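Trainee: What follows is coords12.pdb; its format and atoms are PDB, C-alpha atoms.
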ATOM      1  CA  MET V   1      84.785  92.009 106.980
ATOM      2  CA  HIS V   2      82.042  89.449 107.653
ATOM      3  CA  LEU V   3      82.561  86.219 109.603
ATOM      4  CA  LEU V   4      79.922  83.755 108.409
ATOM      5  CA  ARG V   5      79.294  80.693 110.551
ATOM      6  CA  SER V   6      76.385  78.960 108.797
ATOM      7  CA  PRO V   7      75.101  78.307 105.268
ATOM      8  CA  ASP V   8      72.139  80.614 105.998
ATOM      9  CA  GLU V   9      74.472  83.477 106.884
ATOM     10  CA  LEU V  10      76.531  82.716 103.782
ATOM     11  CA  HIS V  11      73.496  82.754 101.488
ATOM     12  CA  ALA V  12      72.188  86.019 102.950
ATOM     13  CA  TRP V  13      75.590  87.655 102.396
ATOM     14  CA  ARG V  14      75.931  86.159  98.919
ATOM     15  CA  ARG V  15      72.573  87.564  97.783
ATOM     16  CA  GLY V  16      73.763  91.101  98.416
ATOM     17  CA  LEU V  17      76.828  90.852  96.187
ATOM     18  CA  ARG V  18      77.300  92.547  92.850
ATOM     19  CA  GLY V  19      80.042  91.379  90.535
ATOM     20  CA  PRO V  20      82.065  88.158  90.382
ATOM     21  CA  LEU V  21      82.770  86.270  93.603
ATOM     22  CA  ALA V  22      86.027  84.389  94.176
ATOM     23  CA  LEU V  23      86.256  81.556  96.701
ATOM     24  CA  VAL V  24      89.563  80.797  98.411
ATOM     25  CA  PRO V  25      89.106  77.368 100.076
ATOM     26  CA  THR V  26      91.442  76.734 103.025
ATOM     27  CA  MET V  27      91.726  74.610 106.151
ATOM     28  CA  GLY V  28      92.931  77.584 108.154
ATOM     29  CA  ALA V  29      96.275  78.148 109.895
ATOM     30  CA  LEU V  30      96.781  80.766 107.223
ATOM     31  CA  HIS V  31     100.238  81.851 106.110
ATOM     32  CA  ALA V  32     101.580  84.150 103.400
ATOM     33  CA  GLY V  33     100.965  81.501 100.756
ATOM     34  CA  HIS V  34      97.239  81.470 101.499
ATOM     35  CA  LEU V  35      97.141  85.240 101.780
ATOM     36  CA  ALA V  36      98.487  85.610  98.230
ATOM     37  CA  HIS V  37      95.237  84.117  96.947
ATOM     38  CA  PRO V  38      92.957  87.143  97.481
ATOM     39  CA  ALA V  39      95.264  89.304  95.347
ATOM     40  CA  ALA V  40      95.392  86.583  92.686
ATOM     41  CA  ALA V  41      91.593  86.434  92.728
ATOM     42  CA  ARG V  42      91.288  90.212  92.336
ATOM     43  CA  ALA V  43      93.789  90.127  89.474
ATOM     44  CA  ALA V  44      91.641  87.463  87.781
ATOM     45  CA  GLY V  45      88.581  89.726  87.934
ATOM     46  CA  ALA V  46      86.906  89.061  91.291
ATOM     47  CA  GLY V  47      84.765  91.812  92.731
ATOM     48  CA  ALA V  48      84.519  90.130  96.136
ATOM     49  CA  VAL V  49      86.681  87.518  97.851
ATOM     50  CA  LEU V  50      85.381  84.863 100.244
ATOM     51  CA  VAL V  51      87.821  82.685 102.217
ATOM     52  CA  SER V  52      86.487  79.416 103.591
ATOM     53  CA  VAL V  53      88.132  77.991 106.718
ATOM     54  CA  PHE V  54      87.152  74.382 107.292
ATOM     55  CA  VAL V  55      89.284  71.478 108.515
ATOM     56  CA  ASN V  56      87.676  68.762 106.449
ATOM     57  CA  PRO V  57      87.628  65.463 108.378
ATOM     58  CA  THR V  58      86.911  63.296 105.342
ATOM     59  CA  GLN V  59      90.263  63.996 103.667
ATOM     60  CA  PHE V  60      92.403  62.815 106.594
ATOM     61  CA  ASP V  61      93.453  59.170 106.514
ATOM     62  CA  ASP V  62      95.241  59.494 109.881
ATOM     63  CA  PRO V  63      93.135  60.564 112.908
ATOM     64  CA  ALA V  64      96.279  61.812 114.644
ATOM     65  CA  ASP V  65      97.012  64.115 111.699
ATOM     66  CA  LEU V  66      93.469  65.508 111.896
ATOM     67  CA  ALA V  67      93.786  66.083 115.648
ATOM     68  CA  ALA V  68      97.180  67.791 115.252
ATOM     69  CA  TYR V  69      96.106  70.099 112.424
ATOM     70  CA  PRO V  70      96.377  73.694 113.729
ATOM     71  CA  ARG V  71      93.158  75.652 114.261
ATOM     72  CA  ALA V  72      93.163  79.416 114.893
ATOM     73  CA  ILE V  73      90.017  80.998 113.477
ATOM     74  CA  GLU V  74      90.471  84.334 115.295
ATOM     75  CA  ALA V  75      93.988  84.799 113.911
ATOM     76  CA  ASP V  76      92.860  83.595 110.474
ATOM     77  CA  ALA V  77      89.958  86.059 110.393
ATOM     78  CA  ALA V  78      92.255  88.918 111.418
ATOM     79  CA  ALA V  79      94.751  87.983 108.691
ATOM     80  CA  CYS V  80      91.964  87.879 106.115
ATOM     81  CA  ALA V  81      90.670  91.283 107.180
ATOM     82  CA  ALA V  82      94.174  92.731 106.851
ATOM     83  CA  SER V  83      94.427  91.221 103.363
ATOM     84  CA  GLY V  84      91.250  92.871 102.094
ATOM     85  CA  VAL V  85      89.056  89.767 102.164
ATOM     86  CA  ASP V  86      85.328  90.548 102.132
ATOM     87  CA  ALA V  87      84.114  87.578 104.188
ATOM     88  CA  VAL V  88      85.264  84.386 105.908
ATOM     89  CA  PHE V  89      83.045  81.307 105.880
ATOM     90  CA  ALA V  90      83.886  79.089 108.879
ATOM     91  CA  PRO V  91      81.135  76.493 109.276
ATOM     92  CA  ALA V  92      80.824  73.748 111.853
ATOM     93  CA  THR V  93      81.381  70.194 110.641
ATOM     94  CA  GLY V  94      77.666  69.407 110.880
ATOM     95  CA  ALA V  95      76.827  72.219 108.453
ATOM     96  CA  LEU V  96      78.725  70.484 105.648
ATOM     97  CA  TYR V  97      78.104  66.922 106.783
ATOM     98  CA  PRO V  98      74.567  66.887 108.240
ATOM     99  CA  PRO V  99      73.963  63.819 110.417
ATOM    100  CA  GLY V 100      71.638  61.234 108.929
ATOM    101  CA  VAL V 101      72.094  62.403 105.322
ATOM    102  CA  PRO V 102      73.430  59.650 103.004
ATOM    103  CA  ALA V 103      76.845  60.565 101.662
ATOM    104  CA  ALA V 104      77.262  61.367  97.975
ATOM    105  CA  ALA V 105      80.526  60.636  96.183
ATOM    106  CA  VAL V 106      82.490  62.600  93.584
ATOM    107  CA  ASP V 107      85.411  60.872  91.923
ATOM    108  CA  VAL V 108      87.851  61.285  89.047
ATOM    109  CA  PRO V 109      89.640  57.918  88.996
ATOM    110  CA  ALA V 110      92.315  59.055  86.536
ATOM    111  CA  LEU V 111      93.472  61.579  89.148
ATOM    112  CA  THR V 112      92.521  59.895  92.434
ATOM    113  CA  ALA V 113      93.865  56.391  91.801
ATOM    114  CA  ALA V 114      95.909  56.112  88.605
ATOM    115  CA  PRO V 115      98.802  58.550  89.255
ATOM    116  CA  GLU V 116     100.069  56.593  92.310
ATOM    117  CA  LEU V 117     101.301  59.760  93.973
ATOM    118  CA  GLU V 118      99.310  61.162  96.916
ATOM    119  CA  ASP V 119      96.584  58.615  96.208
ATOM    120  CA  ALA V 120      98.941  55.712  96.877
ATOM    121  CA  HIS V 121     100.057  57.068 100.246
ATOM    122  CA  ARG V 122      96.829  58.655 101.518
ATOM    123  CA  PRO V 123      93.986  56.252 100.670
ATOM    124  CA  GLY V 124      90.641  58.026 100.563
ATOM    125  CA  HIS V 125      92.200  61.481 100.797
ATOM    126  CA  PHE V 126      91.068  62.703  97.396
ATOM    127  CA  ALA V 127      87.593  61.280  97.807
ATOM    128  CA  GLY V 128      87.282  63.637 100.780
ATOM    129  CA  VAL V 129      88.821  66.535  98.855
ATOM    130  CA  ALA V 130      86.504  66.048  95.885
ATOM    131  CA  ARG V 131      83.472  65.862  98.132
ATOM    132  CA  VAL V 132      84.197  68.961 100.224
ATOM    133  CA  VAL V 133      85.273  71.083  97.247
ATOM    134  CA  THR V 134      82.054  70.216  95.408
ATOM    135  CA  LYS V 135      80.076  71.114  98.542
ATOM    136  CA  LEU V 136      81.854  74.451  98.949
ATOM    137  CA  LEU V 137      81.423  75.381  95.295
ATOM    138  CA  GLY V 138      77.742  74.463  95.536
ATOM    139  CA  LEU V 139      77.210  76.475  98.711
ATOM    140  CA  CYS V 140      79.162  79.565  97.686
ATOM    141  CA  ARG V 141      78.357  79.654  93.952
ATOM    142  CA  PRO V 142      81.539  81.564  93.046
ATOM    143  CA  GLU V 143      82.492  82.640  89.553
ATOM    144  CA  LEU V 144      86.153  81.962  90.394
ATOM    145  CA  ALA V 145      88.002  79.768  92.887
ATOM    146  CA  THR V 146      91.718  79.807  93.651
ATOM    147  CA  PHE V 147      93.842  76.728  94.273
ATOM    148  CA  GLY V 148      97.571  76.567  94.906
ATOM    149  CA  ARG V 149     100.007  74.774  92.678
ATOM    150  CA  LYS V 150     101.853  73.269  95.659
ATOM    151  CA  ASP V 151      99.335  70.417  95.737
ATOM    152  CA  LEU V 152      99.401  69.788  92.001
ATOM    153  CA  GLN V 153      97.365  66.574  92.126
ATOM    154  CA  GLN V 154      94.612  68.340  94.061
ATOM    155  CA  LEU V 155      94.681  71.243  91.592
ATOM    156  CA  ARG V 156      94.282  68.926  88.612
ATOM    157  CA  LEU V 157      91.474  67.072  90.396
ATOM    158  CA  VAL V 158      89.550  70.285  91.085
ATOM    159  CA  GLN V 159      90.026  71.478  87.511
ATOM    160  CA  ALA V 160      88.599  68.183  86.248
ATOM    161  CA  ILE V 161      85.607  68.309  88.609
ATOM    162  CA  ALA V 162      84.760  71.907  87.677
ATOM    163  CA  THR V 163      84.901  71.087  83.963
ATOM    164  CA  ASP V 164      83.212  67.689  83.981
ATOM    165  CA  LEU V 165      80.361  68.681  86.308
ATOM    166  CA  CYS V 166      79.771  71.976  84.439
ATOM    167  CA  LEU V 167      80.038  73.983  87.657
ATOM    168  CA  GLY V 168      80.545  77.273  85.858
ATOM    169  CA  VAL V 169      83.556  78.271  87.952
ATOM    170  CA  GLU V 170      86.968  79.358  86.699
ATOM    171  CA  ILE V 171      89.802  77.697  88.620
ATOM    172  CA  VAL V 172      92.595  80.215  89.177
ATOM    173  CA  GLU V 173      96.000  78.560  89.610
ATOM    174  CA  VAL V 174      98.208  80.281  92.212
ATOM    175  CA  PRO V 175     101.990  79.669  92.124
ATOM    176  CA  THR V 176     103.730  78.270  95.195
ATOM    177  CA  LEU V 177     105.185  80.788  97.607
ATOM    178  CA  ARG V 178     108.495  79.877  99.238
ATOM    179  CA  GLU V 179     110.703  80.695 102.189
ATOM    180  CA  PRO V 180     114.002  82.471 101.358
ATOM    181  CA  ASP V 181     115.811  79.095 101.273
ATOM    182  CA  GLY V 182     113.211  77.653  98.888
ATOM    183  CA  LEU V 183     111.036  75.583 101.234
ATOM    184  CA  ALA V 184     107.416  75.778 100.120
ATOM    185  CA  LEU V 185     105.173  77.620 102.559
ATOM    186  CA  SER V 186     102.932  75.209 104.453
ATOM    187  CA  SER V 187     100.893  75.226 107.639
ATOM    188  CA  ARG V 188     102.831  72.086 108.597
ATOM    189  CA  ASN V 189     106.165  73.939 108.617
ATOM    190  CA  GLN V 190     105.413  75.319 112.080
ATOM    191  CA  ARG V 191     105.629  71.751 113.411
ATOM    192  CA  LEU V 192     109.275  71.341 112.300
ATOM    193  CA  ASP V 193     112.014  71.580 114.911
ATOM    194  CA  PRO V 194     115.193  73.458 113.880
ATOM    195  CA  ARG V 195     117.063  70.342 112.692
ATOM    196  CA  SER V 196     114.078  69.073 110.711
ATOM    197  CA  ARG V 197     113.521  72.523 109.242
ATOM    198  CA  GLN V 198     117.094  72.542 107.962
ATOM    199  CA  ALA V 199     116.728  69.063 106.484
ATOM    200  CA  ALA V 200     113.424  69.974 104.810
ATOM    201  CA  ALA V 201     115.241  72.479 102.600
ATOM    202  CA  ALA V 202     116.701  69.480 100.733
ATOM    203  CA  ILE V 203     113.270  68.957  99.143
ATOM    204  CA  SER V 204     113.287  72.259  97.274
ATOM    205  CA  ALA V 205     117.010  71.978  96.548
ATOM    206  CA  SER V 206     116.397  68.593  94.912
ATOM    207  CA  LEU V 207     113.595  70.068  92.814
ATOM    208  CA  ALA V 208     115.995  72.784  91.660
ATOM    209  CA  ALA V 209     118.509  70.074  90.699
ATOM    210  CA  ALA V 210     115.813  68.305  88.686
ATOM    211  CA  HIS V 211     114.999  71.576  86.929
ATOM    212  CA  ALA V 212     118.660  72.049  85.981
ATOM    213  CA  ALA V 213     118.989  68.458  84.751
ATOM    214  CA  HIS V 214     115.861  68.804  82.645
ATOM    215  CA  ALA V 215     117.111  72.038  81.095
ATOM    216  CA  GLY V 216     120.343  70.342  80.083
ATOM    217  CA  GLY V 217     118.876  66.968  79.122
ATOM    218  CA  ALA V 218     116.866  65.374  76.364
ATOM    219  CA  GLY V 219     113.472  66.427  77.692
ATOM    220  CA  SER V 220     112.218  62.910  78.479
ATOM    221  CA  GLY V 221     112.378  63.450  82.229
ATOM    222  CA  GLY V 222     114.835  60.671  82.966
ATOM    223  CA  GLU V 223     117.741  62.951  83.840
ATOM    224  CA  ALA V 224     115.502  65.130  85.974
ATOM    225  CA  ALA V 225     114.163  62.127  87.913
ATOM    226  CA  GLU V 226     117.702  60.884  88.604
ATOM    227  CA  ALA V 227     118.802  64.305  89.870
ATOM    228  CA  LEU V 228     115.689  64.628  92.019
ATOM    229  CA  ARG V 229     116.175  61.283  93.746
ATOM    230  CA  ALA V 230     119.923  61.774  94.193
ATOM    231  CA  GLY V 231     119.349  65.101  95.924
ATOM    232  CA  LEU V 232     116.798  63.634  98.312
ATOM    233  CA  ALA V 233     118.982  60.614  99.063
ATOM    234  CA  ALA V 234     121.765  62.961 100.171
ATOM    235  CA  GLU V 235     119.671  64.038 103.184
ATOM    236  CA  PRO V 236     119.397  60.884 105.344
ATOM    237  CA  SER V 237     116.737  62.278 107.686
ATOM    238  CA  LEU V 238     114.189  62.484 104.863
ATOM    239  CA  GLY V 239     111.773  59.579 104.500
ATOM    240  CA  VAL V 240     110.678  59.813 100.873
ATOM    241  CA  ASP V 241     107.187  58.625  99.932
ATOM    242  CA  TYR V 242     107.674  59.396  96.258
ATOM    243  CA  ALA V 243     109.951  61.406  93.969
ATOM    244  CA  GLU V 244     108.639  61.398  90.420
ATOM    245  CA  VAL V 245     108.756  63.293  87.148
ATOM    246  CA  ARG V 246     105.366  63.233  85.461
ATOM    247  CA  ASP V 247     103.310  64.803  82.693
ATOM    248  CA  ALA V 248     102.305  68.134  84.249
ATOM    249  CA  GLY V 249      98.746  67.860  82.952
ATOM    250  CA  THR V 250      97.754  64.230  83.418
ATOM    251  CA  LEU V 251     100.294  63.338  86.170
ATOM    252  CA  ARG V 252     100.935  60.077  84.367
ATOM    253  CA  PRO V 253     104.480  58.949  83.424
ATOM    254  CA  PRO V 254     105.840  60.920  80.458
ATOM    255  CA  GLU V 255     105.120  59.548  77.022
ATOM    256  CA  PRO V 256     108.149  58.334  75.031
ATOM    257  CA  GLY V 257     109.583  61.098  72.907
ATOM    258  CA  GLY V 258     108.594  63.869  75.285
ATOM    259  CA  GLY V 259     107.092  67.106  74.026
ATOM    260  CA  ARG V 260     104.616  67.756  76.836
ATOM    261  CA  PRO V 261     105.312  69.895  79.933
ATOM    262  CA  LEU V 262     106.700  67.938  82.877
ATOM    263  CA  ALA V 263     106.540  68.367  86.641
ATOM    264  CA  ALA V 264     108.785  67.012  89.375
ATOM    265  CA  LEU V 265     106.805  65.967  92.476
ATOM    266  CA  VAL V 266     107.979  65.007  95.961
ATOM    267  CA  ALA V 267     106.412  63.858  99.208
ATOM    268  CA  ALA V 268     108.701  63.254 102.169
ATOM    269  CA  ARG V 269     108.588  62.995 105.945
ATOM    270  CA  VAL V 270     110.996  64.740 108.264
ATOM    271  CA  GLY V 271     110.752  65.038 112.020
ATOM    272  CA  GLY V 272     107.329  63.380 111.954
ATOM    273  CA  VAL V 273     105.931  65.955 109.503
ATOM    274  CA  ARG V 274     104.888  65.068 105.965
ATOM    275  CA  LEU V 275     105.658  67.704 103.315
ATOM    276  CA  ILE V 276     104.821  67.888  99.609
ATOM    277  CA  ASP V 277     106.233  70.082  96.868
ATOM    278  CA  ASN V 278     106.567  70.182  93.100
ATOM    279  CA  LEU V 279     108.085  72.203  90.309
ATOM    280  CA  LEU V 280     107.022  72.675  86.703
ATOM    281  CA  LEU V 281     110.209  71.905  84.816
ATOM    282  CA  GLY V 282     109.510  73.956  81.707
ATOM    283  CA  GLU V 283     108.993  77.229  83.578
ATOM    284  CA  ALA V 284     111.540  79.686  84.927
ATOM    285  CA  LEU V 285     113.128  78.631  88.206
ATOM    286  CA  PRO V 286     111.649  80.526  91.172
ATOM    287  CA  ALA V 287     114.083  83.093  92.562
ATOM    288  CA  GLU V 288     114.257  81.315  95.935
ATOM    289  CA  LEU V 289     115.519  78.158  94.223
ATOM    290  CA  ALA V 290     118.165  79.860  92.083
ATOM    291  CA  ARG V 291     121.677  79.234  93.315
ATOM    292  CA  PRO V 292     124.776  81.260  92.467
ATOM    293  CA  ALA V 293     126.999  79.629  89.883
TER     294      ALA V 293
END
In structure tokens, write the structure found in this file.
Mentor:
Amino acid sequence: MHLLRSPDELHAWRRGLRGPLALVPTMGALHAGHLAHPAAARAAGAGAVLVSVFVNPTQFDDPADLAAYPRAIEADAAACAASGVDAVFAPATGALYPPGVPAAAVDVPALTAAPELEDAHRPGHFAGVARVVTKLLGLCRPELATFGRKDLQQLRLVQAIATDLCLGVEIVEVPTLREPDGLALSSRNQRLDPRSRQAAAAISASLAAAHAAHAGGAGSGGEAAEALRAGLAAEPSLGVDYAEVRDAGTLRPPEPGGGRPLAALVAARVGGVRLIDNLLLGEALPAELARPA
């Protein structure tokens, strides 16, 4: 496996490839959820898989969060090698943000401002995401790129950018991987103490309750939203930023009469750690969220 530290090294490696390239963009601190992406990329037709590891400073609204974000490039590279990845691209910040170069902006207002989900609680976050993803796609020139469903707003943003800017890349959607008790895998989970870890499981349990309410309701999302919020309220140590049921495609509130797929989305803080999760309500319930009758 190749460890590429600069755009020049990346371009030299890229020129020698034959067949479709898949990019797996990450910020490192890789876990099993990230490491499911190379297999998903291969299944989608990739001949080679490139994982980028870059903690992007422009998508953090809190400097303390940026400073606390775990960094372990040696462990990440070893995990990628064990997962059959062909190369890891781990550039320095200056390689993606050269000093003295005026900053360009990429924006999709319908997804970065209108939904009032992550955008309302992390001002500027998606401007940074849009910018770095466009840079990485431009540098790597992949035919495919994988993005996880756990950050559904980010996924929809990237899909819109790739389509609207005619980037010629297929966005491969990777389902959320979960712990045995249902908690979505996240690099932030390692910062939870035992009590907070136990409380965090209420997030996925509440999503499962919303799924059940939607299956037995009228399909408008109202019953699901009530069940979601009631489940979260039952765990007093959770500080909920939002708990919403939205159109799964646009992330706007459901249209009257229903008919379109819906998603339940949550962001909550526990033990000083902010976690996000979501569930598509029209799909089968993940096995980790199923509860015995």
Trainee: Find the residues near Leu96 (chain V): any atom within 9 Å, counting all atoms listed in the file, skip ones fewer than 2 places away on the same chain, and give them as a list of chain:residue names.
Mentor: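 In the requested format, the answer is V:Pro7, V:Pro91, V:Ala92, V:Thr93, V:Gly94, V:Pro98, V:Val132, V:Lys135, V:Leu136.
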Trainee: Select, counting all atoms listed in the file, all protein, DNA and RNA residues no farther than 7 Å from (106.0, 73.3, 84.8) in file coordinates, and express the selection as a list in words.
Mentor: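 Final list of nearby residues, as requested, is Ala248, Pro261, Leu262, Ala263, Leu279, Leu280, Leu281, Gly282 and Glu283 of chain V.
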Trainee: Go through V:Val270, V:Leu35, V:Ala12, V:Gly219 one by one, measure the shortest atom-to-atom distance of each to Glu255 (chain V) using only C-alpha atoms, and give the residue with the smallest value.
Mentor: V:Gly219
Trainee: Starting from the point (106.5, 66.9, 96.2), work out which residues of protein, DNA or RNA have an atom no more than 9 Å away when counting all atoms listed in the file; state them as a PyMOL selection string.
Mentor: chain V and resi 150-152+203-204+207+242-244+264-268+275-279
Trainee: For His31 (chain V), which of V:Leu177, V:Ala225, V:Val240, V:Ala95 is the closest residue, counting all atoms listed in the file?
Mentor: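 Looking at the shortest contact to His31 (chain V), the residue is V:Leu177.
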Trainee: Here's the selection I'm unsure about, the PyMOL selection byres ((chain V and resi 26) around 12); applied to the file above, which residues does it give, as an MDAnalysis selection string?
Mentor: chainID V and resid 23:25 27:31 33:35 37:38 50:56 71 73 76:77 80 88:90 129 132:133 136 145:148 186:187
Trainee: Find the spatial neighbours of Ser206 (chain V), counting all atoms listed in the file, within a cut-off of 7 Å - ignore same-chain residues fewer than 2 positions away - and output them as a compact mmCIF listing (two decimals) with C-alpha atoms, in the coordinates of the input.
Mentor:
# COMPACT_ATOMS: atom_id res chain seq x y z
CA ALA V 202 116.70 69.48 100.73
CA ILE V 203 113.27 68.96 99.14
CA SER V 204 113.29 72.26 97.27
CA ALA V 208 116.00 72.78 91.66
CA ALA V 209 118.51 70.07 90.70
CA ALA V 210 115.81 68.31 88.69
CA LEU V 228 115.69 64.63 92.02
CA GLY V 231 119.35 65.10 95.92
CA LEU V 232 116.80 63.63 98.31
Trainee: Expressed in Å to a single decimal, how great is the separation between CA of Leu183 (chain V) and CA of Arg197 (chain V)?
Mentor: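 CA of Leu183 (chain V) sits 8.9 Å away from CA of Arg197 (chain V).
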Trainee: Neighbouring residues of Leu289 (chain V) were defined as those with any atom within 8 Å, considering only C-alpha atoms; residues of the same chain fewer than 2 positions away were excluded. Please report them as a ChimeraX atom specification.
Mentor: /V:181-182,204-205,208,285-287,291
Trainee: With C-alpha atoms retained, could you export that selection as a compact mmCIF listing (two decimals), keeping the file's coordinate frame?
Mentor:
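Written file, selection-v3.txt:
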# COMPACT_ATOMS: atom_id res chain seq x y z
CA ASP V 181 115.81 79.10 101.27
CA GLY V 182 113.21 77.65 98.89
CA SER V 204 113.29 72.26 97.27
CA ALA V 205 117.01 71.98 96.55
CA ALA V 208 116.00 72.78 91.66
CA LEU V 285 113.13 78.63 88.21
CA PRO V 286 111.65 80.53 91.17
CA ALA V 287 114.08 83.09 92.56
CA ARG V 291 121.68 79.23 93.32
Trainee: Compile the contact shell of His2 (chain V) as a list in words: residues with an atom at most 9 Å away, counting only C-alpha atoms, same-chain residues fewer than 6 positions apart removed.
Mentor: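 Here the answer would be Trp13, Ala81, Val85, Asp86, Ala87, Val88 and Phe89 of chain V.
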